[in-house]
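Chemist: My structure is stored as entry-v1.txt, with compact mmCIF, C-alpha atoms and all ligand atoms.
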# COMPACT_ATOMS: atom_id res chain seq x y z
CA MET V 2 -65.42 9.91 -2.47
CA THR V 3 -62.31 10.34 -0.34
CA LYS V 4 -59.04 11.25 -1.96
CA GLU V 5 -57.65 7.88 -0.99
CA SER V 6 -60.35 5.70 -2.53
CA TYR V 7 -60.34 7.92 -5.60
CA SER V 8 -56.63 7.39 -6.04
CA THR V 9 -56.85 3.61 -5.71
CA LYS V 10 -59.55 3.61 -8.36
CA THR V 11 -57.67 5.71 -10.83
CA THR V 12 -54.40 3.88 -10.32
CA ALA V 13 -56.05 0.48 -10.56
CA ASN V 14 -53.86 -1.12 -13.15
CA GLU V 15 -54.15 -4.66 -14.48
CA LYS V 16 -52.30 -6.02 -11.48
CA GLY V 17 -54.85 -4.44 -9.14
CA ILE V 18 -57.78 -5.86 -11.07
CA HIS V 19 -56.08 -9.23 -11.09
CA THR V 20 -55.52 -9.13 -7.31
CA ASP V 21 -59.16 -8.14 -6.84
CA PHE V 22 -60.28 -11.11 -8.91
CA ILE V 23 -58.04 -13.52 -7.01
CA ASN V 24 -59.32 -12.25 -3.65
CA ASN V 25 -62.93 -12.88 -4.67
CA MET V 26 -62.29 -15.98 -6.69
CA THR V 27 -64.32 -19.11 -6.00
CA TYR V 28 -63.33 -22.77 -6.12
CA GLY V 29 -65.28 -23.28 -9.36
CA GLU V 30 -63.74 -20.27 -11.07
CA TYR V 31 -60.21 -21.31 -10.18
CA LEU V 32 -60.72 -24.84 -11.50
CA LYS V 33 -62.74 -23.69 -14.53
CA LEU V 34 -65.40 -26.19 -13.52
CA ASP V 35 -68.00 -24.60 -15.81
CA GLN V 36 -65.80 -25.54 -18.75
CA ILE V 37 -64.78 -28.96 -17.51
CA LEU V 38 -68.21 -30.08 -16.32
CA SER V 39 -70.06 -28.92 -19.41
CA GLY V 40 -68.01 -31.21 -21.65
CA GLN V 41 -69.81 -34.49 -21.04
CA GLU V 42 -72.27 -34.42 -23.89
CA ARG V 43 -73.66 -37.82 -24.76
CA LEU V 44 -74.38 -38.36 -28.47
CA SER V 45 -76.77 -41.22 -27.75
CA ASP V 46 -79.27 -41.14 -24.93
CA HIS V 47 -77.62 -44.25 -23.49
CA HIS V 48 -76.97 -44.10 -19.74
CA ASP V 49 -73.52 -45.75 -20.03
CA GLU V 50 -72.13 -43.32 -22.58
CA MET V 51 -71.46 -41.00 -19.61
CA LEU V 52 -69.07 -43.61 -18.16
CA PHE V 53 -67.33 -43.92 -21.52
CA ILE V 54 -66.85 -40.15 -21.85
CA VAL V 55 -65.69 -39.58 -18.27
CA ILE V 56 -63.12 -42.40 -18.38
CA HIS V 57 -61.58 -40.92 -21.49
CA GLN V 58 -61.56 -37.39 -20.14
CA VAL V 59 -59.99 -38.46 -16.85
CA SER V 60 -57.34 -40.42 -18.78
CA GLU V 61 -56.60 -37.38 -20.97
CA LEU V 62 -56.22 -35.14 -17.89
CA TRP V 63 -53.74 -37.55 -16.36
CA MET V 64 -51.92 -37.70 -19.70
CA LYS V 65 -51.61 -33.92 -19.55
CA LEU V 66 -49.79 -34.20 -16.23
CA ILE V 67 -47.63 -37.08 -17.50
CA LEU V 68 -46.49 -34.86 -20.37
CA HIS V 69 -45.87 -31.91 -18.07
CA GLU V 70 -43.67 -34.03 -15.79
CA THR V 71 -41.89 -35.99 -18.54
CA ASN V 72 -40.95 -32.85 -20.45
CA ALA V 73 -39.73 -31.27 -17.22
CA ALA V 74 -37.68 -34.41 -16.50
CA ILE V 75 -36.09 -34.20 -19.96
CA HIS V 76 -34.97 -30.66 -19.10
CA SER V 77 -33.72 -31.67 -15.65
CA ILE V 78 -31.59 -34.46 -17.11
CA GLN V 79 -30.24 -32.16 -19.81
CA SER V 80 -29.16 -29.68 -17.17
CA GLY V 81 -27.59 -32.39 -15.00
CA ASP V 82 -30.19 -32.07 -12.24
CA MET V 83 -30.75 -35.79 -11.73
CA GLN V 84 -32.42 -35.55 -8.30
CA THR V 85 -35.19 -33.35 -9.67
CA SER V 86 -35.69 -35.68 -12.61
CA PHE V 87 -36.12 -38.66 -10.22
CA LYS V 88 -38.90 -36.85 -8.41
CA GLN V 89 -40.62 -35.97 -11.69
CA LEU V 90 -40.28 -39.47 -13.13
CA ALA V 91 -41.49 -41.09 -9.91
CA ARG V 92 -44.60 -38.93 -10.19
CA VAL V 93 -45.13 -40.12 -13.77
CA SER V 94 -45.14 -43.75 -12.58
CA LYS V 95 -47.65 -42.99 -9.84
CA ILE V 96 -49.96 -41.34 -12.35
CA GLN V 97 -49.62 -44.34 -14.65
CA SER V 98 -50.68 -46.63 -11.83
CA GLN V 99 -53.75 -44.41 -11.34
CA ILE V 100 -54.77 -44.44 -15.01
CA ILE V 101 -54.62 -48.21 -15.06
CA GLN V 102 -57.33 -48.34 -12.39
CA ALA V 103 -59.70 -46.84 -14.97
CA TRP V 104 -59.85 -50.20 -16.78
CA ASP V 105 -61.54 -51.76 -13.73
CA VAL V 106 -64.28 -49.15 -13.93
CA LEU V 107 -64.67 -49.49 -17.70
CA SER V 108 -64.89 -53.29 -17.42
CA THR V 109 -68.27 -52.87 -15.73
CA LEU V 110 -69.58 -51.94 -19.19
CA THR V 111 -71.12 -55.03 -20.81
CA PRO V 112 -70.52 -55.84 -24.50
CA ALA V 113 -74.25 -55.36 -25.22
CA GLU V 114 -74.34 -51.97 -23.50
CA TYR V 115 -71.35 -50.73 -25.48
CA MET V 116 -72.85 -51.95 -28.77
CA GLU V 117 -75.96 -49.91 -28.00
CA PHE V 118 -74.04 -46.64 -28.35
CA ARG V 119 -70.89 -47.61 -30.32
CA ASP V 120 -72.38 -46.37 -33.61
CA SER V 121 -72.63 -42.84 -32.18
CA LEU V 122 -68.83 -42.74 -31.99
CA GLY V 123 -68.51 -42.79 -35.80
CA GLN V 124 -64.89 -43.22 -36.85
CA ALA V 125 -63.50 -41.60 -33.69
CA SER V 126 -60.90 -43.72 -31.90
CA GLY V 127 -58.27 -43.54 -29.18
CA PHE V 128 -55.88 -43.99 -32.10
CA GLN V 129 -56.29 -40.23 -32.59
CA SER V 130 -55.34 -39.26 -29.02
CA TYR V 131 -52.63 -36.67 -29.63
CA GLN V 132 -51.59 -36.55 -26.00
CA TYR V 133 -50.96 -40.30 -26.12
CA ARG V 134 -48.73 -39.72 -29.17
CA LEU V 135 -46.94 -36.85 -27.42
CA ILE V 136 -46.20 -39.20 -24.52
CA GLU V 137 -44.82 -41.80 -26.93
CA PHE V 138 -42.63 -39.11 -28.51
CA ALA V 139 -41.46 -37.75 -25.16
CA LEU V 140 -40.41 -41.27 -24.20
CA GLY V 141 -38.49 -41.41 -27.48
CA TYR V 142 -40.82 -43.78 -29.28
CA LYS V 143 -41.27 -42.69 -32.92
CA THR V 144 -43.27 -44.41 -35.66
CA PRO V 145 -43.11 -42.74 -39.09
CA HIS V 146 -46.77 -43.09 -40.13
CA ILE V 147 -48.21 -41.59 -36.93
CA LEU V 148 -47.96 -37.89 -37.86
CA LYS V 149 -50.19 -38.48 -40.91
CA ILE V 150 -53.19 -38.91 -38.60
CA TYR V 151 -53.00 -35.22 -37.70
CA GLU V 152 -52.33 -33.71 -41.14
CA LYS V 153 -55.75 -32.03 -41.34
CA ASP V 154 -55.06 -29.89 -38.26
CA ALA V 155 -52.06 -27.67 -39.14
CA GLU V 156 -51.45 -26.30 -35.64
CA LEU V 157 -51.65 -29.67 -33.93
CA HIS V 158 -49.52 -31.24 -36.64
CA LYS V 159 -46.84 -28.59 -36.06
CA GLN V 160 -46.82 -29.22 -32.29
CA LEU V 161 -46.58 -32.99 -32.80
CA LYS V 162 -43.86 -32.63 -35.45
CA GLU V 163 -41.74 -30.57 -33.06
CA ALA V 164 -42.03 -33.24 -30.37
CA TYR V 165 -41.40 -35.94 -32.97
CA GLU V 166 -38.18 -34.33 -34.11
CA GLY V 167 -36.89 -33.46 -30.65
CA PRO V 168 -34.98 -35.63 -28.19
CA GLY V 169 -36.97 -37.99 -26.01
CA LEU V 170 -36.34 -39.16 -22.46
CA TYR V 171 -34.16 -42.05 -23.60
CA ASP V 172 -32.07 -39.80 -25.86
CA VAL V 173 -31.16 -37.50 -22.97
CA ALA V 174 -30.49 -40.51 -20.72
CA ILE V 175 -27.99 -41.79 -23.32
CA ASP V 176 -26.41 -38.32 -23.44
CA ALA V 177 -26.03 -38.55 -19.65
CA LEU V 178 -24.16 -41.86 -20.11
CA ALA V 179 -21.74 -40.14 -22.52
CA GLU V 180 -21.42 -37.21 -20.12
CA ALA V 181 -20.42 -39.66 -17.36
CA GLY V 182 -17.55 -40.87 -19.55
CA PHE V 183 -19.04 -43.94 -21.24
CA LYS V 184 -17.95 -44.52 -24.83
CA ILE V 185 -21.17 -44.31 -26.78
CA ASN V 186 -21.37 -44.97 -30.51
CA PRO V 187 -21.27 -41.47 -32.14
CA GLU V 188 -23.96 -42.58 -34.57
CA VAL V 189 -26.28 -42.92 -31.59
CA LEU V 190 -25.25 -39.61 -30.05
CA ASN V 191 -25.72 -37.73 -33.32
CA ARG V 192 -28.69 -39.67 -34.45
CA ASP V 193 -31.75 -38.23 -36.18
CA TYR V 194 -34.32 -38.19 -33.36
CA SER V 195 -37.16 -38.60 -35.80
CA LYS V 196 -36.00 -42.12 -36.73
CA PRO V 197 -37.18 -45.05 -34.60
CA TYR V 198 -34.52 -45.90 -32.01
CA GLU V 199 -32.47 -49.01 -32.74
CA GLU V 200 -30.80 -51.07 -30.04
CA ASP V 201 -27.06 -50.41 -29.81
CA ASP V 202 -24.20 -52.46 -28.31
CA SER V 203 -22.33 -49.47 -26.86
CA VAL V 204 -25.46 -48.32 -25.03
CA ARG V 205 -26.10 -51.82 -23.66
CA GLU V 206 -22.46 -52.11 -22.51
CA ALA V 207 -22.69 -48.77 -20.72
CA TRP V 208 -25.92 -49.70 -18.91
CA LEU V 209 -24.42 -53.10 -18.06
CA THR V 210 -21.54 -51.38 -16.29
CA VAL V 211 -23.96 -49.11 -14.46
CA TYR V 212 -25.96 -52.13 -13.25
CA ARG V 213 -22.88 -54.15 -12.28
CA ASP V 214 -21.20 -51.29 -10.49
CA VAL V 215 -24.18 -49.56 -8.91
CA GLU V 216 -22.19 -47.92 -6.08
CA ASN V 217 -20.15 -45.91 -8.57
CA TYR V 218 -23.06 -45.05 -10.83
CA TRP V 219 -25.86 -44.59 -8.35
CA ASP V 220 -27.52 -41.68 -10.20
CA LEU V 221 -27.47 -43.40 -13.56
CA TYR V 222 -28.76 -46.60 -12.00
CA GLN V 223 -31.65 -44.76 -10.40
CA LEU V 224 -32.41 -43.01 -13.67
CA ALA V 225 -32.44 -46.35 -15.52
CA GLU V 226 -34.79 -47.92 -12.97
CA LYS V 227 -37.17 -44.96 -13.22
CA LEU V 228 -37.26 -45.50 -16.98
CA VAL V 229 -37.90 -49.20 -16.50
CA ASP V 230 -40.79 -48.38 -14.14
CA ILE V 231 -42.32 -46.10 -16.76
CA GLU V 232 -42.00 -48.64 -19.57
CA ASP V 233 -43.33 -51.38 -17.32
CA TRP V 234 -46.43 -49.32 -16.41
CA LEU V 235 -46.99 -48.27 -19.99
CA GLN V 236 -46.93 -51.89 -21.13
CA GLN V 237 -49.35 -52.76 -18.34
CA TRP V 238 -51.65 -49.97 -19.53
CA ARG V 239 -51.45 -51.32 -23.08
CA PHE V 240 -52.12 -54.86 -21.88
CA ARG V 241 -55.15 -53.85 -19.82
CA HIS V 242 -56.46 -51.80 -22.76
CA MET V 243 -56.09 -54.77 -25.09
CA LYS V 244 -57.79 -57.16 -22.62
CA THR V 245 -60.60 -54.72 -21.81
CA VAL V 246 -61.20 -54.21 -25.53
CA GLU V 247 -61.33 -57.98 -26.08
CA ARG V 248 -63.75 -58.28 -23.17
CA ILE V 249 -66.04 -55.60 -24.61
CA ILE V 250 -65.86 -55.95 -28.42
CA GLY V 251 -64.11 -59.31 -28.94
CA PHE V 252 -62.33 -59.37 -32.30
CA LYS V 253 -64.46 -56.78 -34.09
CA VAL V 254 -62.53 -54.30 -36.24
CA GLY V 255 -61.83 -50.93 -34.60
CA THR V 256 -63.67 -47.70 -35.32
CA GLY V 257 -60.25 -46.25 -36.20
CA GLY V 258 -59.94 -48.77 -39.04
CA SER V 259 -57.45 -51.17 -37.43
CA SER V 260 -57.94 -54.90 -36.94
CA GLY V 261 -58.83 -54.16 -33.29
CA VAL V 262 -57.49 -56.51 -30.61
CA ASN V 263 -54.91 -58.04 -32.95
CA TYR V 264 -53.51 -54.56 -33.65
CA LEU V 265 -53.37 -53.81 -29.92
CA LYS V 266 -51.57 -57.12 -29.32
CA LYS V 267 -48.95 -56.22 -31.92
CA VAL V 268 -48.30 -52.85 -30.30
CA LEU V 269 -47.38 -54.71 -27.12
CA ASP V 270 -44.20 -55.98 -28.79
CA GLN V 271 -42.83 -52.46 -29.21
CA ARG V 272 -40.18 -51.41 -26.71
CA PHE V 273 -39.11 -47.99 -25.49
CA PHE V 274 -35.78 -48.58 -23.77
CA PRO V 275 -34.56 -51.86 -25.32
CA GLU V 276 -31.10 -52.09 -23.70
CA LEU V 277 -32.52 -51.65 -20.22
CA TRP V 278 -34.36 -54.93 -20.75
CA SER V 279 -31.80 -56.90 -22.76
CA LEU V 280 -28.96 -56.20 -20.30
CA ARG V 281 -30.75 -58.27 -17.64
CA THR V 282 -30.10 -61.50 -19.53
CA GLU V 283 -26.39 -60.73 -19.50
CA ILE V 284 -25.95 -59.89 -15.84
C1 LIG M 1 -64.85 -49.64 -24.66
C2 LIG M 1 -63.66 -49.10 -24.52
C3 LIG M 1 -62.61 -49.10 -25.60
C4 LIG M 1 -62.57 -49.81 -26.76
C5 LIG M 1 -63.57 -50.81 -27.32
C6 LIG M 1 -61.34 -49.43 -27.42
C7 LIG M 1 -60.92 -49.92 -28.63
C8 LIG M 1 -59.78 -49.56 -29.29
C9 LIG M 1 -59.33 -50.10 -30.55
C10 LIG M 1 -60.04 -51.18 -31.33
C11 LIG M 1 -58.18 -49.46 -30.89
C12 LIG M 1 -57.35 -49.66 -32.17
C13 LIG M 1 -57.57 -48.52 -33.11
C14 LIG M 1 -58.91 -48.61 -33.82
O1 LIG M 1 -59.01 -49.30 -34.83
O2 LIG M 1 -59.87 -47.97 -33.33
C15 LIG M 1 -57.88 -48.52 -29.82
C16 LIG M 1 -56.79 -47.69 -29.80
C17 LIG M 1 -56.49 -46.83 -28.77
N1 LIG M 1 -57.26 -46.56 -27.67
FE1 LIG M 1 -58.94 -47.54 -27.15
N2 LIG M 1 -60.67 -48.52 -26.65
C18 LIG M 1 -61.41 -48.30 -25.53
C19 LIG M 1 -61.09 -47.44 -24.50
C20 LIG M 1 -60.01 -46.61 -24.46
C21 LIG M 1 -59.69 -45.70 -23.37
C22 LIG M 1 -60.48 -45.54 -22.07
C23 LIG M 1 -58.57 -45.04 -23.72
C24 LIG M 1 -57.90 -43.99 -22.88
C25 LIG M 1 -57.63 -42.81 -23.33
C26 LIG M 1 -58.17 -45.53 -25.02
C27 LIG M 1 -57.07 -45.09 -25.73
C28 LIG M 1 -56.63 -45.65 -26.90
C29 LIG M 1 -55.38 -45.29 -27.54
C30 LIG M 1 -54.34 -44.28 -27.03
C31 LIG M 1 -55.28 -46.04 -28.71
C32 LIG M 1 -54.11 -46.04 -29.70
C33 LIG M 1 -53.17 -47.20 -29.33
C34 LIG M 1 -51.99 -47.34 -30.28
O3 LIG M 1 -52.07 -46.97 -31.45
O4 LIG M 1 -50.96 -47.86 -29.82
N3 LIG M 1 -59.05 -46.48 -25.41
N4 LIG M 1 -58.85 -48.62 -28.86
N1 LIG M 2 -61.94 -47.84 -31.14
C1 LIG M 2 -63.15 -48.10 -30.37
C2 LIG M 2 -63.91 -46.81 -30.14
C3 LIG M 2 -63.30 -46.13 -29.01
O1 LIG M 2 -62.88 -46.79 -28.12
C4 LIG M 2 -63.29 -44.69 -28.90
C5 LIG M 2 -64.14 -43.91 -29.65
C6 LIG M 2 -64.19 -42.55 -29.46
C7 LIG M 2 -63.39 -41.97 -28.52
C8 LIG M 2 -62.52 -42.77 -27.77
C9 LIG M 2 -62.46 -44.13 -27.97
N2 LIG M 2 -61.60 -44.87 -27.22
C10 LIG M 2 -60.53 -45.58 -27.45
O2 LIG M 2 -60.13 -46.08 -28.48
C11 LIG M 2 -64.00 -49.16 -31.03
O3 LIG M 2 -63.58 -49.71 -32.02
O4 LIG M 2 -65.07 -49.45 -30.49
Here is the file; what I need is its structure written in the form of structure tokens.

Modeler:
Amino acid sequence: MTKESYSTKTTANEKGIHTDFINNMTYGEYLKLDQILSGQERLSDHHDEMLFIVIHQVSELWMKLILHETNAAIHSIQSGDMQTSFKQLARVSKIQSQIIQAWDVLSTLTPAEYMEFRDSLGQASGFQSYQYRLIEFALGYKTPHILKIYEKDAELHKQLKEAYEGPGLYDVAIDALAEAGFKINPEVLNRDYSKPYEEDDSVREAWLTVYRDVENYWDLYQLAEKLVDIEDWLQQWRFRHMKTVERIIGFKVGTGGSSGVNYLKKVLDQRFFPELWSLRTEI
């Protein structure tokens, strides 16, 4: 052994080992494909259960990126970096338009095929998707009973509670209105983020001015339209979910214990950024 190679060996610290691993790393190792591709375990031996699992997993992966971008956008807005937030929020909308395509694939599942493996799902339901709830919270949409679903898992419950009690995208957008000099009701500015948001006249008036005087409030206008895009896509996702469910299980009750399609129809009435919609009637 030469002195040189000996010395590299003995001085090989963690960084060296890490570099060595990266240099020899394969595509599959980097993407952890062993982990990802070993997670499609059908509980029935039904051919179509694979479709059902993959659609959900793909949707959850996209949700992970939506959360990553939305939380980053919240930070960007808080630090006054509007341009960066526009880029992040535009990406969220594009992802949403991708996820919606999944309903077309799932609609190829016939009602009879689904009924052949539905029993294997037990009481599991999309109702329990914690990433979906984290997205709702990040958008500022809070419903009091939701956290109860996760009470049995202390760590998950803690993570959700933190997001539930923190400011959402709409809260920081309203702060940006105040920052720009708009008179916003102090009760809104100091509100308890864990309470469902209630429409407010001062917020609607501020957005109205932004929409009427776009040239002077270009950043805020762009921010508002990005939020409208996101709510619009989310409602489209909800609508396609509801219609796909009706197409596949009709009006059967849900595995999660809800009334099924009628519950999903009711959820469609809930709004995220109410003033951004109501102002349009007044313009
Ligand atoms: C055959 C396909 C599907 C059927 C029959 C179905 C059915 C249902 C039903 C009946 C509910 C109401 C809760 C319950 O009682 O279970 C629900 C909720 C939900 N599902 Fe699905 N679903 C399907 C596919 C999907 C997919 C692909 C996703 C994507 C991740 C998804 C995500 C959700 C979410 C997030 C909720 C909660 C909605 C809310 O509370 O606002 N579902 N689903
Ligand atoms: N709630 C559905 C079951 C269901 O769709 C589901 C079951 C397990 C994992 C994800 C699911 N997807 C969305 O709700 C049903 O009532 O058939």

Chemist: Using all atoms listed in the file, determine which residues lie at most 8 Å from region 76-82 of chain V, disregarding the query and same-chain residues fewer than 3 positions distant; provide the list as a list of chain:residue names.

Modeler: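 Residues near the query, excluding close chain neighbours: V:Asn72, V:Ala73, V:Thr85, V:Ser86, V:Val173, V:Ala174, V:Ala177.
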
Chemist: Which residue, V:Glu283, V:Asp154, V:Glu50, V:Glu216, has the smallest gap to ligand LIG 1 (chain M) when you use all atoms listed in the file?

Modeler: V:Glu50

Chemist: With a distance cut-off of 10 Å and all atoms listed in the file, select the neighbouring residues of Glu137 (chain V), excluding the residue or stretch itself and same-chain residues fewer than 4 positions from it, and output the selection as a list in words.

Modeler: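 In the requested form, the answer reads Leu68, Tyr131, Gln132, Tyr133, Gly141, Tyr142, Lys143, Thr144, Ala164, Tyr165, Gly169, Leu170, Leu235 and Phe273 of chain V.
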
Chemist: Using only C-alpha atoms and all ligand atoms, what are the residues with an atom within 8 Å of ligand LIG 1 (chain M), set out as a PyMOL selection string?

Modeler: chain V and resi 53+56-58+60-61+103-104+107+110+115+124-130+133-134+239+242-243+245-247+249-250+253-262+264-265+268

Chemist: Which residue, V:Ser195, V:Gln99, V:Ser94, V:Thr210, has the smallest gap to Leu277 (chain V) when you use only C-alpha atoms?

Modeler: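 Under the stated criterion, the closest residue is V:Thr210.
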
Chemist: Near Glu70 (chain V), counting all atoms listed in the file, which residues have an atom at most 10 Å away, once you skip same-chain residues fewer than 2 positions from it, shown as a list of chain:residue names?

Modeler: V:Met64, V:Lys65, V:Leu66, V:Ile67, V:Leu68, V:Asn72, V:Ala73, V:Ala74, V:Ile75, V:His76, V:Ser86, V:Lys88, V:Gln89, V:Leu90, V:Ala91, V:Arg92, V:Val93

Chemist: Go ahead and write the selection's residues with C-alpha atoms as a PDB file, keeping the file's coordinate frame.

Modeler:
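Result file result18.pdb:
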ATOM      1  CA  MET V  64     -51.920 -37.700 -19.700  1.00  0.00           C
ATOM      2  CA  LYS V  65     -51.610 -33.920 -19.550  1.00  0.00           C
ATOM      3  CA  LEU V  66     -49.790 -34.200 -16.230  1.00  0.00           C
ATOM      4  CA  ILE V  67     -47.630 -37.080 -17.500  1.00  0.00           C
ATOM      5  CA  LEU V  68     -46.490 -34.860 -20.370  1.00  0.00           C
ATOM      6  CA  ASN V  72     -40.950 -32.850 -20.450  1.00  0.00           C
ATOM      7  CA  ALA V  73     -39.730 -31.270 -17.220  1.00  0.00           C
ATOM      8  CA  ALA V  74     -37.680 -34.410 -16.500  1.00  0.00           C
ATOM      9  CA  ILE V  75     -36.090 -34.200 -19.960  1.00  0.00           C
ATOM     10  CA  HIS V  76     -34.970 -30.660 -19.100  1.00  0.00           C
ATOM     11  CA  SER V  86     -35.690 -35.680 -12.610  1.00  0.00           C
ATOM     12  CA  LYS V  88     -38.900 -36.850  -8.410  1.00  0.00           C
ATOM     13  CA  GLN V  89     -40.620 -35.970 -11.690  1.00  0.00           C
ATOM     14  CA  LEU V  90     -40.280 -39.470 -13.130  1.00  0.00           C
ATOM     15  CA  ALA V  91     -41.490 -41.090  -9.910  1.00  0.00           C
ATOM     16  CA  ARG V  92     -44.600 -38.930 -10.190  1.00  0.00           C
ATOM     17  CA  VAL V  93     -45.130 -40.120 -13.770  1.00  0.00           C
TER      18      VAL V  93
END

Chemist: Measuring between only C-alpha atoms and all ligand atoms, which one of V:Ser121, V:Asn25, V:Gln36, V:Ser45 shows the shortest distance to ligand LIG 2 (chain M)?

Modeler: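 Of V:Ser121, V:Asn25, V:Gln36, V:Ser45, the one nearest ligand LIG 2 (chain M) is V:Ser121, counting only C-alpha atoms and all ligand atoms.
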
Chemist: How many Å lie between CA of Asp49 (chain V) and CA of Ser108 (chain V), rounded to one decimal?

Modeler: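 These atoms are spaced 11.8 Å apart.
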
Chemist: To one decimal place, how far is atom C8 of ligand LIG 2 (chain M) from CA of Asp270 (chain V) in Å?

Modeler: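 Distance reported for this atom pair: 22.6 Å.
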
Chemist: For region 171-182 of chain V, supply N, CA and C atoms and report the output as a compact mmCIF listing (two decimals), keeping the file's coordinate frame.

Modeler:
# COMPACT_ATOMS: atom_id res chain seq x y z
N TYR V 171 -35.25 -41.09 -23.46
CA TYR V 171 -34.16 -42.05 -23.60
C TYR V 171 -32.94 -41.40 -24.26
N ASP V 172 -33.19 -40.47 -25.20
CA ASP V 172 -32.07 -39.80 -25.86
C ASP V 172 -31.24 -39.01 -24.84
N VAL V 173 -31.93 -38.29 -23.94
CA VAL V 173 -31.16 -37.50 -22.97
C VAL V 173 -30.50 -38.40 -21.92
N ALA V 174 -31.12 -39.56 -21.66
CA ALA V 174 -30.49 -40.51 -20.72
C ALA V 174 -29.18 -41.05 -21.34
N ILE V 175 -29.21 -41.31 -22.64
CA ILE V 175 -27.99 -41.79 -23.32
C ILE V 175 -26.93 -40.68 -23.33
N ASP V 176 -27.36 -39.45 -23.53
CA ASP V 176 -26.41 -38.32 -23.44
C ASP V 176 -25.77 -38.28 -22.05
N ALA V 177 -26.56 -38.57 -21.03
CA ALA V 177 -26.03 -38.55 -19.65
C ALA V 177 -24.98 -39.66 -19.47
N LEU V 178 -25.17 -40.79 -20.17
CA LEU V 178 -24.16 -41.86 -20.11
C LEU V 178 -22.84 -41.35 -20.70
N ALA V 179 -22.95 -40.67 -21.85
CA ALA V 179 -21.74 -40.14 -22.52
C ALA V 179 -21.07 -39.10 -21.62
N GLU V 180 -21.90 -38.27 -21.01
CA GLU V 180 -21.42 -37.21 -20.12
C GLU V 180 -20.64 -37.81 -18.94
N ALA V 181 -21.07 -39.00 -18.49
CA ALA V 181 -20.42 -39.66 -17.36
C ALA V 181 -19.13 -40.38 -17.79
N GLY V 182 -18.82 -40.31 -19.08
CA GLY V 182 -17.55 -40.87 -19.55
C GLY V 182 -17.68 -42.19 -20.30
